[in-house]
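A.B. asks: Structure provided below as structure tokens; questions to follow.
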Amino acid sequence: MIKLYNTLGRKKQIFKSLKKNKVGLYTCGPTVYNYAHIGNLRSYLFSDILKRMLEYNNYKVKHVINITDVGHLVSDADTGEDKIELGAKREKKTAWQIAEFYTKVFQKDIKKLNIKEPSEWTKASDYIKEQIDLIKLLEKRGYTYRIKDGIYFDTSKIKDYGKLTGSKKRTHKARIETTEGKKNPTDFALWKFSQKKRQMEWNSPWGIGFPGWHTECVVMGIDQLGLPFDIHTGGIDHIPVHHSNEIAQAEAGYNKNLAKYWLHNEFLILKKEKMAKSKGEIITLDSLIKKNINPLSYRYLTLTTHYKSPLAFSWKSLESAQNALENLYEKVSKLKLYHALYNSTVGNYKKEFLGYINDDLNTPKALALMWKLIKSNKADYDLLLEFDKIFGLDLDKIKSVSRQNKIPEKIKKLAKQREQYRKEKEWKKSDEIRKEIEKLGYQIEDTPQGPKLK
Ligand code: AMP
Ligand code: ZN
């Protein structure tokens with residue numbers, strides 16, 4: 001039995017797929033105007049664990065991640081400049097080049113994090129016709145109105161607009177900005193007119209312009225997964241605006257829910273605030289790599305906290321995650337050498353593991369179980385590989401500890417000599433020895449406990 005916390009209804013529910021053994025999963029993708037930060041990446045790590053859990057339970061998952069390459073304005077309330085056009089100005093490139101460049105960077109980032117490639121990538125700019133068609137349908141059904149800057153959706157026509165927020169009030173904090181002529185603060189742009197020449201703009205029955213940000217996911221989700229589809233994911237900031245607006249459009253256009261389950265990850269927090277590009281300080285995956293952090297250490301860190309709890313980022317906690325991961329790799333390498341001698345314990349512990357994972361993705365408990373078994377010598381290699389189908393920490397790529405992996409005497413001697421030079425503050429000489437060690441295929445790392453050879 002799988003239980004998932006459905007934001008729509010605000011409770012944990014038993015998961016039942018719409019089609020037998022199949023799941024349609026839609027994840028709101030990145031707006032490709034800049035590097036994704038590790039907060040954004042938490043969102044995709046979460047949907048990856050969700051997908052792995054479903055696959056582990058023998059569902060065939062069709063996973064769609066979209067690329068927002070047009071229509072996402074600086075403010076989620078549809079005001080300000082288009083983020084992609086702004087990126088183009090900043091980098092003196094075309095909007096298309098910006099979108100392509102940051103899409104590739106994003107795709108590389110998620111690969112480094114062992115996030116499985118989605119079944120489909122869909123691009124907002126490839127779905128302009130479908131978005132226009134949906135807006136035409138909404139217009140025909142009487143849900144739209146025209147003001148100076150575009151065609152808007154009248155949210156007062158939806159009885160339970162904003163039900164995803166769990167609040168009865170129609171307005172919410174995220175929508176303080178308002179555009180002249182809007183009937184209700186929560187109304188949102190379906191089609192914006194180009195006020196001046198833009199790089200990305202299209203003809204439409206209402207005039208030259210571009211689609212608002214909230215229509216793309218509706219048409220791409222329906223096109224790829226049908227209506228309704230099973231699960232829609234995103235970060236919690238999408239609840240009051242983007243996802244509420246997606247739901248409103250599907251209900252107005254087709255009298256149907258867009259998705260049966262709505263799942264949202266909490267934020268990665270930096271200095272007591274959500275990590276966000278608009279707040280200035282962000283951390284990218286590449287900046288972690290430059291500090292010799294294995295991207296999978298960040299993956300490990302996110303597993304230690306439930307996806308519905310905020311995760312306060314600190315370099316210290318990331319280092320601890322890296323240590324834990326290295327420790328795990330060491331244990332696995334030893335187990336691998338001996339695993340042929342052990343009986344597999346997979347069957348016994350799989351059930352307990354599955355119990356945690358299927359209970360709304362309780363990765364902290366699943367990790368704790370793994371460590372408990374390792375510490376009590378109950379884990380074997382096969383069992384750890386089984387767990388890793390969900391964790392995705394590359395445990396199958398760990399080499400076993402064998403003679404070849406032992407540090408030769410010559411290297412140890414060089415390391416001792418280097419230590420002596422360091423004590424004597426002979427930095428040049430100690431550096432030369434370090435280089436020699438590296439040439440021979442080993443690495444020396446200075447830790448608070450003394451130098452370590454790898
Ligand atoms: P964006 O590229 O801004 O559209 O965001 C991509 C995804 O990252 C969305 O699902 C957001 O909800 C999510 N997100 C943004 N900031 C954070 C954060 N600090 N922690 C976790 N998820 C975030
Ligand atoms: Zn979306």
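Going by the structure tokens order, chains are called A, B, ..., each with residues numbered from 1, while ligands are numbered from 1 in the order shown.
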Mind listing the residues within 12 Å of ligand 2, only C-alpha atoms and all ligand atoms counted, as a PyMOL selection string?
C.D. replies: chain A and resi 26-31+64-72+76+122-124+212-221+232-239+241-247+258+262
A.B. asks: Show me, as a list in words, the residues that have an atom within 7 Å of range 289-296 of chain A when counting only C-alpha atoms, minus same-chain residues fewer than 2 positions from it.
C.D. replies: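 Everything that qualifies: Lys112, Leu113, Leu285, Asp286, Ser287, Tyr298, Arg299, Tyr300 and Leu393 of chain A.
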A.B. asks: Hey, which of A:Gly226, A:Gly181, A:Gly87, A:Gly209 ends up closest to Leu25 in chain A? Count only C-alpha atoms.
C.D. replies: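 Distance minimum relative to Leu25 in chain A lands on A:Gly226.
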A.B. asks: What residues in range 194-248 of chain A get the DSSP label strand (DSSP E or B)? Please answer as a list in words.
C.D. replies: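 Of range 194-248 of chain A, the ones in strand (DSSP E or B) are Trp202, Gly209, Phe210, Pro211, Phe229, Asp230, Ile231, His232, Thr233, Gly234 and Gly235 of chain A.
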A.B. asks: Compile the contact shell of Leu414 in chain A as a list in words: residues with an atom at most 9 Å away, counting only C-alpha atoms, same-chain residues fewer than 2 positions apart removed.
C.D. replies: Glu409, Lys410, Ile411, Lys412, Lys416, Gln417, Arg418, Glu419, Ile433, Arg434, Glu436 and Ile437 of chain A
A.B. asks: Looking at only C-alpha atoms and all ligand atoms, which of A:Glu266, A:Asp359, A:Asp154, A:Asp149 is the one that sits closest to ligand 1?
C.D. replies: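 Among A:Glu266, A:Asp359, A:Asp154, A:Asp149, it is A:Glu266 that comes nearest to ligand 1.
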A.B. asks: For a test of reading the model, state the distance in Å between CA of Leu8 in chain A and CA of Leu164 in chain A, rounded to one decimal.
C.D. replies: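 It comes out at 5.1 Å.
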A.B. asks: Hey, what does DSSP flag as alpha helix (DSSP H) within range 169-228 of chain A? Can you give it to me as a PyMOL selection string?
C.D. replies: chain A and resi 213-225
A.B. asks: Store the residues of this selection in a file with all heavy atoms, as an mmCIF file, in the first residue's frame.
C.D. replies:
```
data_model
loop_
_atom_site.group_PDB
_atom_site.id
_atom_site.type_symbol
_atom_site.label_atom_id
_atom_site.label_comp_id
_atom_site.auth_asym_id
_atom_site.auth_seq_id
_atom_site.Cartn_x
_atom_site.Cartn_y
_atom_site.Cartn_z
ATOM 1 N N TRP A 213 2.160 32.319 -17.904
ATOM 2 C CA TRP A 213 2.957 31.180 -17.440
ATOM 3 C C TRP A 213 2.105 29.964 -17.047
ATOM 4 O O TRP A 213 2.549 28.824 -17.119
ATOM 5 C CB TRP A 213 3.803 31.669 -16.251
ATOM 6 C CG TRP A 213 4.556 30.623 -15.512
ATOM 7 C CD1 TRP A 213 5.225 29.559 -16.059
ATOM 8 C CD2 TRP A 213 4.732 30.532 -14.104
ATOM 9 N NE1 TRP A 213 5.817 28.818 -15.066
ATOM 10 C CE2 TRP A 213 5.531 29.395 -13.850
ATOM 11 C CE3 TRP A 213 4.304 31.307 -13.015
ATOM 12 C CZ2 TRP A 213 5.900 29.019 -12.573
ATOM 13 C CZ3 TRP A 213 4.687 30.929 -11.746
ATOM 14 C CH2 TRP A 213 5.465 29.797 -11.536
ATOM 15 N N HIS A 214 0.843 30.189 -16.661
ATOM 16 C CA HIS A 214 0.093 29.083 -16.043
ATOM 17 C C HIS A 214 -0.638 28.177 -17.029
ATOM 18 O O HIS A 214 -1.196 27.165 -16.639
ATOM 19 C CB HIS A 214 -0.914 29.652 -15.033
ATOM 20 C CG HIS A 214 -0.305 30.704 -14.169
ATOM 21 N ND1 HIS A 214 0.712 30.417 -13.295
ATOM 22 C CD2 HIS A 214 -0.525 32.039 -14.075
ATOM 23 C CE1 HIS A 214 1.083 31.533 -12.689
ATOM 24 N NE2 HIS A 214 0.352 32.524 -13.153
ATOM 25 N N THR A 215 -0.647 28.561 -18.303
ATOM 26 C CA THR A 215 -1.393 27.758 -19.278
ATOM 27 C C THR A 215 -0.545 26.599 -19.813
ATOM 28 O O THR A 215 -1.058 25.527 -20.107
ATOM 29 C CB THR A 215 -1.889 28.665 -20.431
ATOM 30 O OG1 THR A 215 -2.580 29.768 -19.842
ATOM 31 C CG2 THR A 215 -2.840 27.937 -21.359
ATOM 32 N N GLU A 216 0.770 26.836 -19.887
ATOM 33 C CA GLU A 216 1.635 25.827 -20.519
ATOM 34 C C GLU A 216 1.523 24.446 -19.877
ATOM 35 O O GLU A 216 1.417 23.430 -20.566
ATOM 36 C CB GLU A 216 3.105 26.293 -20.513
ATOM 37 C CG GLU A 216 3.648 26.568 -19.126
ATOM 38 C CD GLU A 216 5.158 26.831 -19.108
ATOM 39 O OE1 GLU A 216 5.568 27.996 -19.255
ATOM 40 O OE2 GLU A 216 5.896 25.870 -18.940
ATOM 41 N N CYS A 217 1.545 24.407 -18.526
ATOM 42 C CA CYS A 217 1.572 23.088 -17.863
ATOM 43 C C CYS A 217 0.245 22.353 -18.054
ATOM 44 O O CYS A 217 0.218 21.122 -18.077
ATOM 45 C CB CYS A 217 1.899 23.235 -16.380
ATOM 46 S SG CYS A 217 3.588 23.804 -16.126
ATOM 47 N N VAL A 218 -0.842 23.102 -18.192
ATOM 48 C CA VAL A 218 -2.139 22.458 -18.405
ATOM 49 C C VAL A 218 -2.124 21.743 -19.752
ATOM 50 O O VAL A 218 -2.440 20.550 -19.844
ATOM 51 C CB VAL A 218 -3.295 23.501 -18.368
ATOM 52 C CG1 VAL A 218 -4.642 22.816 -18.552
ATOM 53 C CG2 VAL A 218 -3.260 24.311 -17.080
ATOM 54 N N VAL A 219 -1.711 22.459 -20.806
ATOM 55 C CA VAL A 219 -1.792 21.827 -22.136
ATOM 56 C C VAL A 219 -0.736 20.735 -22.308
ATOM 57 O O VAL A 219 -1.001 19.692 -22.922
ATOM 58 C CB VAL A 219 -1.728 22.856 -23.299
ATOM 59 C CG1 VAL A 219 -2.864 23.840 -23.216
ATOM 60 C CG2 VAL A 219 -0.409 23.595 -23.353
ATOM 61 N N MET A 220 0.440 20.935 -21.731
ATOM 62 C CA MET A 220 1.481 19.910 -21.883
ATOM 63 C C MET A 220 1.137 18.668 -21.074
ATOM 64 O O MET A 220 1.339 17.538 -21.532
ATOM 65 C CB MET A 220 2.842 20.466 -21.465
ATOM 66 C CG MET A 220 3.329 21.539 -22.424
ATOM 67 S SD MET A 220 5.028 22.056 -22.146
ATOM 68 C CE MET A 220 4.830 23.245 -20.850
ATOM 69 N N GLY A 221 0.597 18.879 -19.882
ATOM 70 C CA GLY A 221 0.193 17.740 -19.039
ATOM 71 C C GLY A 221 -0.880 16.922 -19.729
ATOM 72 O O GLY A 221 -0.794 15.690 -19.824
ATOM 73 N N ILE A 222 -1.896 17.598 -20.255
ATOM 74 C CA ILE A 222 -3.002 16.888 -20.906
ATOM 75 C C ILE A 222 -2.504 16.177 -22.168
ATOM 76 O O ILE A 222 -2.832 15.018 -22.423
ATOM 77 C CB ILE A 222 -4.161 17.869 -21.246
ATOM 78 C CG1 ILE A 222 -4.766 18.442 -19.960
ATOM 79 C CG2 ILE A 222 -5.228 17.170 -22.096
ATOM 80 C CD1 ILE A 222 -5.816 19.521 -20.179
ATOM 81 N N ASP A 223 -1.680 16.882 -22.952
ATOM 82 C CA ASP A 223 -1.191 16.288 -24.195
ATOM 83 C C ASP A 223 -0.379 15.021 -23.925
ATOM 84 O O ASP A 223 -0.527 14.014 -24.613
ATOM 85 C CB ASP A 223 -0.311 17.312 -24.934
ATOM 86 C CG ASP A 223 0.248 16.736 -26.219
ATOM 87 O OD1 ASP A 223 -0.564 16.297 -27.053
ATOM 88 O OD2 ASP A 223 1.489 16.699 -26.380
ATOM 89 N N GLN A 224 0.458 15.064 -22.921
ATOM 90 C CA GLN A 224 1.366 13.928 -22.671
ATOM 91 C C GLN A 224 0.736 12.820 -21.828
ATOM 92 O O GLN A 224 1.061 11.658 -21.979
ATOM 93 C CB GLN A 224 2.628 14.434 -21.952
ATOM 94 C CG GLN A 224 3.508 15.321 -22.809
ATOM 95 C CD GLN A 224 4.215 14.532 -23.903
ATOM 96 O OE1 GLN A 224 4.465 13.340 -23.768
ATOM 97 N NE2 GLN A 224 4.506 15.198 -25.008
ATOM 98 N N LEU A 225 -0.143 13.228 -20.901
ATOM 99 C CA LEU A 225 -0.588 12.245 -19.899
ATOM 100 C C LEU A 225 -2.099 12.029 -19.863
ATOM 101 O O LEU A 225 -2.573 11.142 -19.149
ATOM 102 C CB LEU A 225 -0.112 12.694 -18.496
ATOM 103 C CG LEU A 225 1.396 12.939 -18.341
ATOM 104 C CD1 LEU A 225 1.707 13.588 -17.010
ATOM 105 C CD2 LEU A 225 2.176 11.627 -18.470
#
```
A.B. asks: When you draw a straight line from CA of Leu138 in chain A to CA of Leu73 in chain A, how long is it in Å?
C.D. replies: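 If I compute the distance from CA of Leu138 in chain A to CA of Leu73 in chain A, I get 21.8 Å.
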A.B. asks: Neighbours of Tyr35 in chain A within 9 Å (only C-alpha atoms; same-chain residues fewer than 4 positions away dropped), as a ChimeraX atom specification?
C.D. replies: /A:102,105-106,284-285
A.B. asks: Those residues you just picked out, can you put them in a file as a JSON list (two decimals), in the first residue's frame with C-alpha atoms?
C.D. replies:
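So selection_21.json came out as:
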```
[["chain", "number", "residue", "atom", "x", "y", "z"],
["A", 102, "TYR", "CA", 20.34, 26.88, -19.46],
["A", 105, "VAL", "CA", 23.04, 23.05, -17.96],
["A", 106, "PHE", "CA", 19.93, 21.91, -16.08],
["A", 284, "THR", "CA", 24.65, 26.10, -7.69],
["A", 285, "LEU", "CA", 25.63, 22.47, -8.11]]
```
A.B. asks: Counting only C-alpha atoms and all ligand atoms, figure out which residue out of A:Glu281, A:Glu424, A:Glu120, A:Glu180 gets nearest to ligand 1.
C.D. replies: A:Glu281
A.B. asks: With only C-alpha atoms as the atoms that count, which of A:Lys92, A:Lys423, A:Lys350, A:Lys452 lies nearest to Tyr56 in chain A?
C.D. replies: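 That would be A:Lys350, the residue with the smallest distance to Tyr56 in chain A.
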A.B. asks: Just checking: using only C-alpha atoms, which residue out of A:Lys192, A:Lys274, A:Lys397, A:Lys334 ends up closest to Ile132 in chain A?
C.D. replies: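 Answer, going by the shortest atom-to-atom distance: A:Lys192.
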A.B. asks: Find the distance between CA of Asp78 in chain A and CA of Asp160 in chain A and write it in Å to one decimal.
C.D. replies: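 Separation between CA of Asp78 in chain A and CA of Asp160 in chain A: 21.5 Å.
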A.B. asks: Any idea what's packed within 12 Å of Asp133 in chain A, counting only C-alpha atoms, ignoring anything in its chain fewer than 3 positions away? Could you give it as a PyMOL selection string?
C.D. replies: chain A and resi 127-130+136-140+190-191+204-205+211+215-216+218-219+253
A.B. asks: Limited to N, CA, C and O atoms, could you put the picked residues into a file as an mmCIF file, in the first residue's frame?
C.D. replies:
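What landed in out.cif:
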```cif
data_model
loop_
_atom_site.group_PDB
_atom_site.id
_atom_site.type_symbol
_atom_site.label_atom_id
_atom_site.label_comp_id
_atom_site.auth_asym_id
_atom_site.auth_seq_id
_atom_site.Cartn_x
_atom_site.Cartn_y
_atom_site.Cartn_z
ATOM 1 N N TYR A 127 4.408 24.582 -27.574
ATOM 2 C CA TYR A 127 2.973 24.359 -27.337
ATOM 3 C C TYR A 127 2.161 25.660 -27.433
ATOM 4 O O TYR A 127 1.180 25.823 -26.724
ATOM 5 N N ILE A 128 2.590 26.563 -28.298
ATOM 6 C CA ILE A 128 1.881 27.851 -28.407
ATOM 7 C C ILE A 128 0.471 27.627 -28.963
ATOM 8 O O ILE A 128 -0.515 28.160 -28.437
ATOM 9 N N LYS A 129 0.352 26.803 -30.001
ATOM 10 C CA LYS A 129 -0.953 26.584 -30.623
ATOM 11 C C LYS A 129 -1.936 26.001 -29.601
ATOM 12 O O LYS A 129 -3.075 26.465 -29.488
ATOM 13 N N GLU A 130 -1.474 25.010 -28.864
ATOM 14 C CA GLU A 130 -2.350 24.362 -27.866
ATOM 15 C C GLU A 130 -2.769 25.354 -26.785
ATOM 16 O O GLU A 130 -3.894 25.305 -26.277
ATOM 17 N N LYS A 136 -8.866 30.060 -26.182
ATOM 18 C CA LYS A 136 -10.084 30.248 -26.986
ATOM 19 C C LYS A 136 -11.271 29.524 -26.339
ATOM 20 O O LYS A 136 -12.385 30.034 -26.267
ATOM 21 N N LEU A 137 -10.989 28.303 -25.854
ATOM 22 C CA LEU A 137 -12.053 27.528 -25.207
ATOM 23 C C LEU A 137 -12.538 28.237 -23.932
ATOM 24 O O LEU A 137 -13.741 28.342 -23.662
ATOM 25 N N LEU A 138 -11.579 28.752 -23.155
ATOM 26 C CA LEU A 138 -11.947 29.447 -21.915
ATOM 27 C C LEU A 138 -12.755 30.703 -22.235
ATOM 28 O O LEU A 138 -13.700 31.064 -21.526
ATOM 29 N N GLU A 139 -12.381 31.344 -23.335
ATOM 30 C CA GLU A 139 -13.095 32.558 -23.774
ATOM 31 C C GLU A 139 -14.533 32.194 -24.154
ATOM 32 O O GLU A 139 -15.490 32.848 -23.727
ATOM 33 N N LYS A 140 -14.655 31.103 -24.915
ATOM 34 C CA LYS A 140 -15.980 30.659 -25.359
ATOM 35 C C LYS A 140 -16.873 30.327 -24.163
ATOM 36 O O LYS A 140 -18.074 30.587 -24.163
ATOM 37 N N LEU A 190 -3.660 35.077 -19.266
ATOM 38 C CA LEU A 190 -3.640 33.916 -20.160
ATOM 39 C C LEU A 190 -2.796 34.259 -21.394
ATOM 40 O O LEU A 190 -2.034 33.438 -21.887
ATOM 41 N N TRP A 191 -2.989 35.485 -21.863
ATOM 42 C CA TRP A 191 -2.232 35.953 -23.025
ATOM 43 C C TRP A 191 -1.827 37.400 -22.757
ATOM 44 O O TRP A 191 -2.671 38.219 -22.397
ATOM 45 N N SER A 204 -1.903 35.880 -32.400
ATOM 46 C CA SER A 204 -2.997 35.168 -31.749
ATOM 47 C C SER A 204 -4.291 35.886 -32.129
ATOM 48 O O SER A 204 -4.235 37.002 -32.677
ATOM 49 N N PRO A 205 -5.452 35.304 -31.832
ATOM 50 C CA PRO A 205 -6.705 35.987 -32.174
ATOM 51 C C PRO A 205 -6.848 37.323 -31.430
ATOM 52 O O PRO A 205 -7.662 38.158 -31.794
ATOM 53 N N PRO A 211 2.021 33.635 -24.302
ATOM 54 C CA PRO A 211 1.105 33.065 -23.306
ATOM 55 C C PRO A 211 1.559 33.357 -21.884
ATOM 56 O O PRO A 211 2.757 33.503 -21.621
ATOM 57 N N THR A 215 -0.647 28.561 -18.303
ATOM 58 C CA THR A 215 -1.393 27.758 -19.278
ATOM 59 C C THR A 215 -0.545 26.599 -19.813
ATOM 60 O O THR A 215 -1.058 25.527 -20.107
ATOM 61 N N GLU A 216 0.770 26.836 -19.887
ATOM 62 C CA GLU A 216 1.635 25.827 -20.519
ATOM 63 C C GLU A 216 1.523 24.446 -19.877
ATOM 64 O O GLU A 216 1.417 23.430 -20.566
ATOM 65 N N VAL A 218 -0.842 23.102 -18.192
ATOM 66 C CA VAL A 218 -2.139 22.458 -18.405
ATOM 67 C C VAL A 218 -2.124 21.743 -19.752
ATOM 68 O O VAL A 218 -2.440 20.550 -19.844
ATOM 69 N N VAL A 219 -1.711 22.459 -20.806
ATOM 70 C CA VAL A 219 -1.792 21.827 -22.136
ATOM 71 C C VAL A 219 -0.736 20.735 -22.308
ATOM 72 O O VAL A 219 -1.001 19.692 -22.922
ATOM 73 N N GLY A 253 -12.244 24.770 -18.422
ATOM 74 C CA GLY A 253 -12.230 24.299 -19.806
ATOM 75 C C GLY A 253 -12.903 22.950 -19.996
ATOM 76 O O GLY A 253 -13.563 22.707 -20.994
#
```
A.B. asks: Quick one: of A:Lys196, A:His37, A:Lys336, A:Lys159, who's nearest to ligand 1, counting only C-alpha atoms and all ligand atoms?
C.D. replies: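 Ranking A:Lys196, A:His37, A:Lys336, A:Lys159 by distance to ligand 1, first place goes to A:His37.
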